[in-house]
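**Q** The structure file run14.txt (compact mmCIF, C-alpha atoms) is provided below.
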```txt
# COMPACT_ATOMS: atom_id res chain seq x y z
CA MET W 135 0.00 0.00 0.00
CA GLU W 136 1.27 3.48 -0.95
CA LEU W 137 0.88 6.31 1.55
CA PRO W 138 0.00 9.83 0.37
CA ALA W 139 3.10 11.82 -0.65
CA GLN W 140 4.22 14.68 1.58
CA THR W 141 6.33 17.61 0.41
CA PHE W 142 8.58 19.75 2.59
CA ARG W 143 10.02 23.08 1.47
CA VAL W 144 13.49 23.78 2.84
CA THR W 145 15.07 27.24 2.84
CA ARG W 146 18.29 28.61 4.31
CA ALA W 147 16.25 30.02 7.18
CA ASP W 148 15.11 26.46 8.03
CA LEU W 149 18.73 25.28 8.12
CA VAL W 150 19.74 28.09 10.45
CA ARG W 151 16.82 27.30 12.72
CA TYR W 152 17.62 23.57 12.67
CA ALA W 153 21.29 24.32 13.43
CA GLY W 154 20.24 26.23 16.52
CA ALA W 155 17.74 23.63 17.69
CA SER W 156 20.03 20.65 17.10
CA GLY W 157 23.36 22.21 18.06
CA ASP W 158 24.94 21.17 14.73
CA PHE W 159 26.69 24.36 13.61
CA ASN W 160 28.86 22.84 10.88
CA PRO W 161 29.39 25.81 8.48
CA ILE W 162 28.65 23.65 5.40
CA HIS W 163 24.99 24.13 6.45
CA TRP W 164 25.10 27.95 6.35
CA SER W 165 28.25 29.22 4.59
CA ASP W 166 28.63 28.99 0.81
CA ARG W 167 32.28 29.96 1.22
CA VAL W 168 33.03 26.96 3.46
CA ALA W 169 30.73 24.55 1.58
CA THR W 170 32.34 25.21 -1.80
CA LYS W 171 35.82 25.15 -0.29
CA VAL W 172 35.29 21.52 0.81
CA GLY W 173 34.01 20.58 -2.66
CA LEU W 174 30.24 20.78 -2.17
CA PRO W 175 28.03 22.41 -4.82
CA GLY W 176 26.80 24.87 -2.18
CA VAL W 177 25.21 24.95 1.26
CA ILE W 178 23.56 21.60 2.00
CA ALA W 179 20.88 20.62 4.48
CA HIS W 180 21.92 18.69 7.55
CA GLY W 181 21.38 15.00 6.77
CA MET W 182 19.72 14.81 10.16
CA PHE W 183 17.35 17.63 9.17
CA THR W 184 16.23 15.63 6.13
CA MET W 185 15.91 12.58 8.37
CA ALA W 186 13.86 14.64 10.85
CA LEU W 187 11.47 15.85 8.12
CA VAL W 188 11.01 12.28 6.92
CA GLY W 189 10.47 11.26 10.55
CA ARG W 190 7.78 13.93 10.74
CA ALA W 191 6.14 12.49 7.62
CA VAL W 192 6.20 9.02 9.21
CA THR W 193 4.78 10.35 12.49
CA GLU W 194 2.00 12.13 10.57
CA TRP W 195 1.15 8.98 8.61
CA ALA W 196 1.04 7.04 11.86
CA GLY W 197 -1.20 9.68 13.41
CA SER W 198 0.60 9.78 16.74
CA ALA W 199 3.69 11.59 18.00
CA ASP W 200 5.15 8.53 19.74
CA ALA W 201 4.44 5.92 17.06
CA VAL W 202 7.97 5.39 15.77
CA VAL W 203 9.56 2.25 17.17
CA GLU W 204 12.49 2.00 14.79
CA TYR W 205 13.79 4.34 12.12
CA GLY W 206 16.94 4.19 10.00
CA VAL W 207 18.30 5.81 6.83
CA ARG W 208 21.37 5.99 4.65
CA PHE W 209 22.41 9.45 3.47
CA THR W 210 23.07 8.99 -0.25
CA ARG W 211 23.01 12.48 -1.74
CA PRO W 212 23.18 15.96 -0.24
CA VAL W 213 20.18 18.31 -0.39
CA VAL W 214 21.53 21.55 -1.87
CA VAL W 215 19.64 24.58 -0.56
CA PRO W 216 19.94 27.76 -2.67
CA ASP W 217 20.12 31.17 -1.00
CA ASP W 218 16.69 32.42 -2.08
CA ASP W 219 13.16 32.48 -0.68
CA GLN W 220 12.07 29.34 -2.55
CA GLY W 221 14.85 27.07 -1.32
CA THR W 222 14.22 23.51 -2.45
CA GLU W 223 11.71 20.73 -1.90
CA ILE W 224 11.96 17.26 -0.42
CA GLU W 225 9.25 14.82 -1.44
CA VAL W 226 8.54 11.88 0.82
CA THR W 227 6.59 8.79 -0.15
CA ALA W 228 6.28 5.41 1.52
CA ARG W 229 4.78 2.03 1.07
CA VAL W 230 3.77 -0.50 3.63
CA ARG W 231 6.09 -3.50 3.49
CA GLU W 232 4.57 -5.53 6.26
CA VAL W 233 2.06 -5.45 9.07
CA THR W 234 3.15 -7.74 11.87
CA GLU W 235 0.90 -9.79 14.13
CA ASP W 236 1.84 -7.66 17.14
CA GLY W 237 0.50 -4.49 15.53
CA LEU W 238 3.64 -3.02 13.99
CA THR W 239 3.74 -1.60 10.47
CA ARG W 240 7.01 -1.61 8.55
CA LEU W 241 7.40 1.17 5.99
CA GLU W 242 9.79 1.54 3.09
CA VAL W 243 10.30 5.28 2.68
CA THR W 244 11.58 7.26 -0.30
CA ALA W 245 12.86 10.84 -0.06
CA THR W 246 13.74 12.73 -3.22
CA CYS W 247 14.95 16.24 -4.03
CA LEU W 248 14.74 17.46 -7.66
CA GLY W 249 13.89 13.91 -8.66
CA GLU W 250 16.99 12.38 -7.08
CA LYS W 251 16.95 10.03 -4.13
CA VAL W 252 18.55 11.71 -1.10
CA LEU W 253 18.05 8.85 1.34
CA SER W 254 18.31 5.16 0.65
CA GLN W 255 17.38 2.14 2.75
CA ALA W 256 15.01 4.42 4.62
CA ARG W 257 12.84 2.24 6.81
CA ALA W 258 10.57 2.92 9.71
CA THR W 259 8.58 0.67 12.00
CA ILE W 260 5.53 2.26 13.56
CA ARG W 261 2.91 1.23 16.03
CA THR W 262 -0.51 1.30 14.49
CA ALA W 263 -2.47 4.37 15.60
CA ARG W 264 -4.59 3.95 18.68
CA MET O 81 45.89 7.03 8.28
CA PRO O 82 43.73 3.87 8.40
CA LEU O 83 41.53 3.45 11.46
CA ASP O 84 42.78 0.95 13.99
CA PRO O 85 40.57 -2.19 13.82
CA SER O 86 41.54 -3.13 17.37
CA PHE O 87 39.00 -0.51 18.53
CA VAL O 88 36.07 -2.75 17.52
CA GLY O 89 34.11 -3.70 20.62
CA ARG O 90 35.49 -0.87 22.74
CA THR O 91 32.96 0.69 25.11
CA TYR O 92 33.52 4.14 26.57
CA PRO O 93 32.56 5.32 30.05
CA PRO O 94 28.96 6.64 30.37
CA THR O 95 28.57 10.33 29.59
CA ALA O 96 27.37 12.98 32.04
CA PRO O 97 23.54 13.11 32.24
CA TYR O 98 21.68 15.24 29.68
CA GLN O 99 18.57 16.93 31.07
CA VAL O 100 15.81 16.90 28.42
CA GLY O 101 14.02 20.24 28.65
CA ARG O 102 10.43 20.88 27.61
CA GLU O 103 11.45 24.03 25.78
CA LYS O 104 14.21 22.15 23.92
CA ILE O 105 11.67 19.61 22.66
CA ARG O 106 9.35 22.46 21.61
CA GLU O 107 12.22 24.26 19.90
CA PHE O 108 13.31 21.11 18.04
CA ALA O 109 9.75 20.22 17.01
CA GLY O 110 9.25 23.82 15.84
CA ALA O 111 12.45 23.73 13.80
CA ILE O 112 11.27 20.65 11.87
CA GLY O 113 7.69 21.93 11.57
CA ALA O 114 6.20 19.17 13.74
CA THR O 115 2.96 20.65 15.05
CA ASP O 116 1.43 17.64 16.85
CA PRO O 117 0.27 18.99 20.23
CA ALA O 118 1.98 16.06 22.00
CA HIS O 119 5.34 17.73 21.15
CA HIS O 120 4.27 21.10 22.52
CA ASP O 121 1.51 20.87 25.09
CA PRO O 122 2.09 18.90 28.32
CA GLU O 123 -1.67 18.48 28.82
CA ALA O 124 -2.07 16.96 25.35
CA ALA O 125 0.87 14.64 26.07
CA ARG O 126 -0.56 13.64 29.48
CA ALA O 127 -3.91 12.89 27.86
CA LEU O 128 -2.05 10.23 25.84
CA GLY O 129 -0.54 8.80 29.01
CA HIS O 130 2.88 10.45 28.80
CA PRO O 131 4.56 12.23 31.72
CA ASP O 132 5.32 15.37 29.64
CA VAL O 133 5.82 16.48 26.02
CA VAL O 134 7.12 13.80 23.62
CA ALA O 135 10.29 14.35 21.55
CA PRO O 136 10.18 13.80 17.77
CA PRO O 137 11.86 10.55 16.64
CA THR O 138 15.23 12.07 15.67
CA PHE O 139 15.53 14.29 18.77
CA PRO O 140 17.98 11.93 20.56
CA VAL O 141 20.63 12.82 17.98
CA ILE O 142 21.17 16.04 19.96
CA VAL O 143 22.29 13.90 22.86
CA THR O 144 24.10 11.15 20.96
CA MET O 145 26.04 13.37 18.56
CA ALA O 146 27.44 15.34 21.48
CA ALA O 147 28.25 12.07 23.25
CA SER O 148 29.95 10.56 20.20
CA SER O 149 32.67 13.22 20.36
CA GLN O 150 34.11 10.78 22.90
CA ILE O 151 34.87 8.48 19.94
CA ILE O 152 35.37 10.97 17.10
CA GLU O 153 37.85 12.97 19.16
CA ASP O 154 39.64 10.00 20.71
CA PRO O 155 43.25 10.78 19.69
CA ALA O 156 44.13 7.08 19.83
CA LEU O 157 41.51 6.25 17.17
CA GLY O 158 42.68 9.09 14.94
CA VAL O 159 39.55 10.20 13.04
CA ASP O 160 40.18 13.19 10.73
CA TYR O 161 37.05 15.22 11.51
CA SER O 162 37.40 17.42 8.42
CA ARG O 163 36.99 14.30 6.26
CA LEU O 164 34.13 12.81 8.21
CA VAL O 165 30.76 12.31 6.47
CA HIS O 166 27.59 10.97 8.09
CA GLY O 167 26.69 7.74 6.26
CA ASP O 168 23.84 6.00 8.09
CA GLN O 169 21.71 6.72 11.11
CA ARG O 170 19.29 4.46 12.97
CA PHE O 171 17.19 4.63 16.12
CA ALA O 172 15.59 1.67 17.90
CA TYR O 173 13.26 2.78 20.67
CA THR O 174 12.33 1.09 23.90
CA ARG O 175 10.18 4.14 24.63
CA PRO O 176 10.00 7.76 23.39
CA VAL O 177 12.04 10.55 24.98
CA PHE O 178 10.02 12.86 27.26
CA ALA O 179 10.71 16.24 28.79
CA GLY O 180 12.19 15.66 32.22
CA ASP O 181 14.26 12.65 31.19
CA GLU O 182 17.86 12.62 32.36
CA LEU O 183 19.74 10.65 29.74
CA VAL O 184 23.10 8.94 29.88
CA CYS O 185 24.91 7.66 26.78
CA THR O 186 27.16 4.64 26.58
CA ASN O 187 29.17 4.53 23.35
CA THR O 188 30.49 1.37 21.76
CA ILE O 189 32.49 1.02 18.57
CA GLU O 190 30.71 -1.74 16.64
CA ASP O 191 32.76 -1.76 13.49
CA VAL O 192 35.86 -0.25 11.95
CA SER O 193 36.96 -0.94 8.41
CA THR O 194 38.84 0.52 5.48
CA ARG O 195 37.68 0.02 1.91
CA GLY O 196 38.68 1.75 -1.31
CA GLY O 197 40.84 4.17 0.65
CA HIS O 198 37.93 5.28 2.85
CA GLY O 199 37.50 4.55 6.53
CA PHE O 200 34.17 3.34 7.93
CA LEU O 201 33.22 3.65 11.57
CA THR O 202 30.00 2.29 13.10
CA THR O 203 29.08 3.44 16.58
CA ARG O 204 26.27 2.31 18.84
CA THR O 205 25.05 4.57 21.60
CA ASP O 206 22.83 3.07 24.27
CA VAL O 207 20.75 5.87 25.73
CA SER O 208 19.22 5.19 29.12
CA THR O 209 17.92 7.19 32.06
CA VAL O 210 20.17 7.92 35.03
CA GLY O 211 18.16 5.21 36.77
CA GLY O 212 19.28 2.67 34.15
CA GLU O 213 16.02 2.37 32.21
CA PRO O 214 16.80 1.80 28.51
CA VAL O 215 15.25 4.43 26.20
CA VAL O 216 16.74 4.18 22.73
CA ALA O 217 19.67 2.55 20.96
CA VAL O 218 21.24 4.76 18.31
CA TRP O 219 23.58 3.64 15.53
CA ALA O 220 25.63 5.97 13.36
CA ARG O 221 27.93 5.04 10.52
CA TYR O 222 30.57 7.55 9.53
CA VAL O 223 32.70 7.57 6.41
CA ILE O 224 36.15 9.11 6.68
CA ARG O 225 36.95 10.06 3.10
CA GLY O 226 40.41 9.07 1.94
CA GLU O 227 42.91 11.45 0.38
CA ALA O 228 42.03 11.91 -3.29
```
What's the structure tokens form of this structure?
**A**
Amino acid sequence: MELPAQTFRVTRADLVRYAGASGDFNPIHWSDRVATKVGLPGVIAHGMFTMALVGRAVTEWAGSADAVVEYGVRFTRPVVVPDDDQGTEIEVTARVREVTEDGLTRLEVTATCLGEKVLSQARATIRTAR
Amino acid sequence: MPLDPSFVGRTYPPTAPYQVGREKIREFAGAIGATDPAHHDPEAARALGHPDVVAPPTFPVIVTMAASSQIIEDPALGVDYSRLVHGDQRFAYTRPVFAGDELVCTNTIEDVSTRGGHGFLTTRTDVSTVGGEPVVAVWARYVIRGEA
């Protein structure tokens, strides 16, 4: 079963806010000068920010804030965030792989940015909503 | 410099307790746009049977990333931080994190390898309360990019 797609817009302002909230102040997430110096195409989103947005999508599908039992991803491609008001978009889709006898649902999640997969092996196990 | 495989299996001393604040959970949930009242409103969280607001699923990374500096900055292991890239991340929950939790991290190096000139480091962080109640196990895999 496919779950309804969710789209998240990500701007530089979101990265700055996430940096503050998470404590990850690596300059590749806010400085073009530093990002390009280390060979990146530009400022990139924190992998953990992308993972958090996908986690939010999973939580919303599950319909409860504490539903996630297990959640893992591989960071395959950086999300480049341009310095404008539009930023970029991450699209999240998922399909149900399995519903276990003890009420757990295993999801296979896909996150793409500009049509390219940014996470691979993204899987979440959720408790079915109460 | 290749990573020393003899570090596999090494467990570090537990970290100092991290006090999970209600405002920190609200700030983190706000930063990722998570509007579920259970992340923000203690009454809504209590109505679901929780002691206080519930952290979003990736919140523990705040605690575990800080704790993993124990490994990343271990001079004996010799990780070049400027070449470090986050490869994989996984959380396995015993229960969610709530405001008011005091969390302690115990870091273990699960795997160290070198392939194609790159180093790979897998860490496991067992997050529990100061009272010893397990909360979440967190795995991170780092790639230390080789010299081009």
**Q** In terms of the shortest atom-to-atom distance over only C-alpha atoms, which of O:Thr95, O:Ser149, O:Thr205, O:Thr174 is closest to chain W?
**A**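 The answer is O:Thr174, which sits nearest to chain W.
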**Q** Fewer than 6 positions away in the same chain doesn't count, so skip those; otherwise give me all residues within 8 Å of W:Pro216, counting all atoms listed in the file, as a list in words.
**A**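 In the requested form, the answer reads Thr145, Arg146, Gly176, Val177 and Thr222 of chain W.
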**Q** Near chain W, meaning an atom within 9 Å, which residues of chain O appear when counting all atoms listed in the file? Write them as a ChimeraX atom specification.
**A** /O:104-105,107-114,116-119,134-139,141-142,145-146,162,166-177,219,221
**Q** Taking all atoms listed in the file into account, which of O:Ala96, O:Ala179, O:Leu128, O:Leu164 comes nearest O:Ile152?
**A** O:Leu164
**Q** So the first atom is atom CA of W:Gly237 and the second is atom CA of O:Ala125; what is the distance between them in Å, to one decimal place?
**A**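 Straight-line distance from atom CA of W:Gly237 to atom CA of O:Ala125 works out to 21.8 Å.
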**Q** Pick out the closest residue to O:Gly226 from this set: O:Ser208, O:Thr194, O:Asn187, O:Thr203. Count all atoms listed in the file.
**A**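 Looking only at the distances to O:Gly226, the closest residue turns out to be O:Thr194.
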**Q** Using only C-alpha atoms, find the one residue out of O:Ile224, O:Val165, O:Val143, O:Leu201 that sits nearest to O:Thr186.
**A**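 Between O:Ile224, O:Val165, O:Val143, O:Leu201, the residue approaching O:Thr186 most closely is O:Val143.
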**Q** To one decimal place in Å, what is the distance between atom CA of O:Asp84 and atom CA of O:Val192?
**A**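 The value is 7.3 Å.
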**Q** Excluding W:Pro138 and its own-chain neighbours fewer than 4 positions away, which residues fall within 10 Å of it when counting all atoms listed in the file? Please give them as an NGL selection string.
**A** :W and (191 or 195 or 226-229)
**Q** W:Lys171, W:Val252, W:Pro161, W:Val243: which is nearest W:Val214, counting all atoms listed in the file?
**A** W:Val252
**Q** Measuring atom to atom with all atoms listed in the file, identify which of O:Ile189, O:Val223, O:Val184, O:Ala127 is nearest to O:Leu157.
**A**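 For O:Leu157, the nearest of the candidates is O:Ile189.
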**Q** What does the distance between atom CA of O:Val159 and atom CA of O:Asp191 come to in Å, to one decimal place?
**A**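 Pair atom CA of O:Val159 / atom CA of O:Asp191 returns 13.8 Å.
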**Q** At a cut-off of 12 Å, using only C-alpha atoms, what residues contact W:Gly249? Leave out same-chain residues fewer than 6 positions from it and give the result as JSON, numbers by chain.
**A** {"W": [211, 213, 222, 223, 224, 225, 226]}
**Q** Could you write out that same residue set with C-alpha atoms as a PDB file, in the coordinates of the input?
**A**
```
ATOM      1  CA  ARG W 211      23.010  12.480  -1.740  1.00  0.00           C
ATOM      2  CA  VAL W 213      20.180  18.310  -0.390  1.00  0.00           C
ATOM      3  CA  THR W 222      14.220  23.510  -2.450  1.00  0.00           C
ATOM      4  CA  GLU W 223      11.710  20.730  -1.900  1.00  0.00           C
ATOM      5  CA  ILE W 224      11.960  17.260  -0.420  1.00  0.00           C
ATOM      6  CA  GLU W 225       9.250  14.820  -1.440  1.00  0.00           C
ATOM      7  CA  VAL W 226       8.540  11.880   0.820  1.00  0.00           C
TER       8      VAL W 226
END
```
**Q** Tell me which protein, DNA and RNA residues are within 8 Å of W:Glu232, counting all atoms listed in the file, leaving out same-chain ones fewer than 6 positions away, and put them as a list of chain:residue names.
**A**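 So the residues in contact are W:Thr239, W:Arg240, W:Leu241.
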**Q** Would you kindly place N, CA, C and O atoms on stretch 108-134 of chain O and return the model as a short mmCIF file (atom, residue, chain, number, x, y, z; two decimals), in the coordinates of the input?
**A**
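Writing done, so here's part.cif:
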```cif
data_model
loop_
_atom_site.label_atom_id
_atom_site.label_comp_id
_atom_site.auth_asym_id
_atom_site.auth_seq_id
_atom_site.Cartn_x
_atom_site.Cartn_y
_atom_site.Cartn_z
N PHE O 108 12.94 22.08 19.07
CA PHE O 108 13.31 21.11 18.04
C PHE O 108 12.11 20.78 17.16
O PHE O 108 12.21 20.78 15.92
N ALA O 109 10.97 20.52 17.78
CA ALA O 109 9.75 20.22 17.01
C ALA O 109 9.40 21.40 16.11
O ALA O 109 9.05 21.22 14.94
N GLY O 110 9.53 22.63 16.64
CA GLY O 110 9.25 23.82 15.84
C GLY O 110 10.18 23.92 14.65
O GLY O 110 9.76 24.25 13.54
N ALA O 111 11.46 23.60 14.86
CA ALA O 111 12.45 23.73 13.80
C ALA O 111 12.20 22.75 12.65
O ALA O 111 12.60 23.00 11.52
N ILE O 112 11.55 21.62 12.94
CA ILE O 112 11.27 20.65 11.87
C ILE O 112 9.79 20.73 11.44
O ILE O 112 9.34 19.92 10.64
N GLY O 113 9.08 21.71 11.98
CA GLY O 113 7.69 21.93 11.57
C GLY O 113 6.71 20.90 12.10
O GLY O 113 5.63 20.72 11.55
N ALA O 114 7.08 20.21 13.17
CA ALA O 114 6.20 19.17 13.74
C ALA O 114 5.21 19.84 14.69
O ALA O 114 5.60 20.34 15.75
N THR O 115 3.94 19.87 14.30
CA THR O 115 2.96 20.65 15.05
C THR O 115 2.06 19.80 15.96
O THR O 115 1.19 20.34 16.63
N ASP O 116 2.26 18.49 15.98
CA ASP O 116 1.43 17.64 16.85
C ASP O 116 1.48 18.19 18.28
O ASP O 116 2.55 18.41 18.83
N PRO O 117 0.30 18.42 18.88
CA PRO O 117 0.27 18.99 20.23
C PRO O 117 1.08 18.19 21.25
O PRO O 117 1.57 18.76 22.23
N ALA O 118 1.24 16.89 21.04
CA ALA O 118 1.98 16.06 22.00
C ALA O 118 3.44 16.50 22.11
O ALA O 118 4.12 16.22 23.11
N HIS O 119 3.97 17.20 21.08
CA HIS O 119 5.34 17.73 21.15
C HIS O 119 5.41 19.06 21.89
O HIS O 119 6.50 19.51 22.25
N HIS O 120 4.26 19.71 22.05
CA HIS O 120 4.27 21.10 22.52
C HIS O 120 3.51 21.34 23.81
O HIS O 120 3.86 22.20 24.60
N ASP O 121 2.44 20.58 24.00
CA ASP O 121 1.51 20.87 25.09
C ASP O 121 1.51 19.72 26.11
O ASP O 121 1.07 18.61 25.80
N PRO O 122 2.01 19.98 27.32
CA PRO O 122 2.09 18.90 28.32
C PRO O 122 0.74 18.26 28.60
O PRO O 122 0.67 17.04 28.83
N GLU O 123 -0.34 19.06 28.55
CA GLU O 123 -1.67 18.48 28.82
C GLU O 123 -2.06 17.49 27.73
O GLU O 123 -2.58 16.41 28.02
N ALA O 124 -1.77 17.86 26.47
CA ALA O 124 -2.07 16.96 25.35
C ALA O 124 -1.25 15.67 25.48
O ALA O 124 -1.75 14.57 25.22
N ALA O 125 0.01 15.82 25.90
CA ALA O 125 0.87 14.64 26.07
C ALA O 125 0.36 13.77 27.21
O ALA O 125 0.30 12.53 27.09
N ARG O 126 -0.07 14.40 28.32
CA ARG O 126 -0.56 13.64 29.48
C ARG O 126 -1.86 12.91 29.14
O ARG O 126 -2.08 11.80 29.61
N ALA O 127 -2.66 13.53 28.27
CA ALA O 127 -3.91 12.89 27.86
C ALA O 127 -3.64 11.58 27.12
O ALA O 127 -4.48 10.69 27.08
N LEU O 128 -2.42 11.47 26.53
CA LEU O 128 -2.05 10.23 25.84
C LEU O 128 -1.31 9.27 26.77
O LEU O 128 -0.80 8.24 26.35
N GLY O 129 -1.18 9.67 28.04
CA GLY O 129 -0.54 8.80 29.01
C GLY O 129 0.94 9.04 29.20
O GLY O 129 1.63 8.23 29.83
N HIS O 130 1.45 10.15 28.66
CA HIS O 130 2.88 10.45 28.80
C HIS O 130 3.10 11.39 29.99
O HIS O 130 2.22 12.17 30.33
N PRO O 131 4.30 11.36 30.56
CA PRO O 131 4.56 12.23 31.72
C PRO O 131 4.69 13.71 31.33
O PRO O 131 4.45 14.59 32.16
N ASP O 132 5.11 13.98 30.09
CA ASP O 132 5.32 15.37 29.64
C ASP O 132 5.42 15.33 28.11
O ASP O 132 5.16 14.27 27.51
N VAL O 133 5.81 16.45 27.48
CA VAL O 133 5.82 16.48 26.02
C VAL O 133 6.77 15.41 25.46
O VAL O 133 7.79 15.06 26.07
N VAL O 134 6.41 14.90 24.28
CA VAL O 134 7.12 13.80 23.62
C VAL O 134 8.09 14.38 22.58
O VAL O 134 7.70 15.25 21.80
#
```
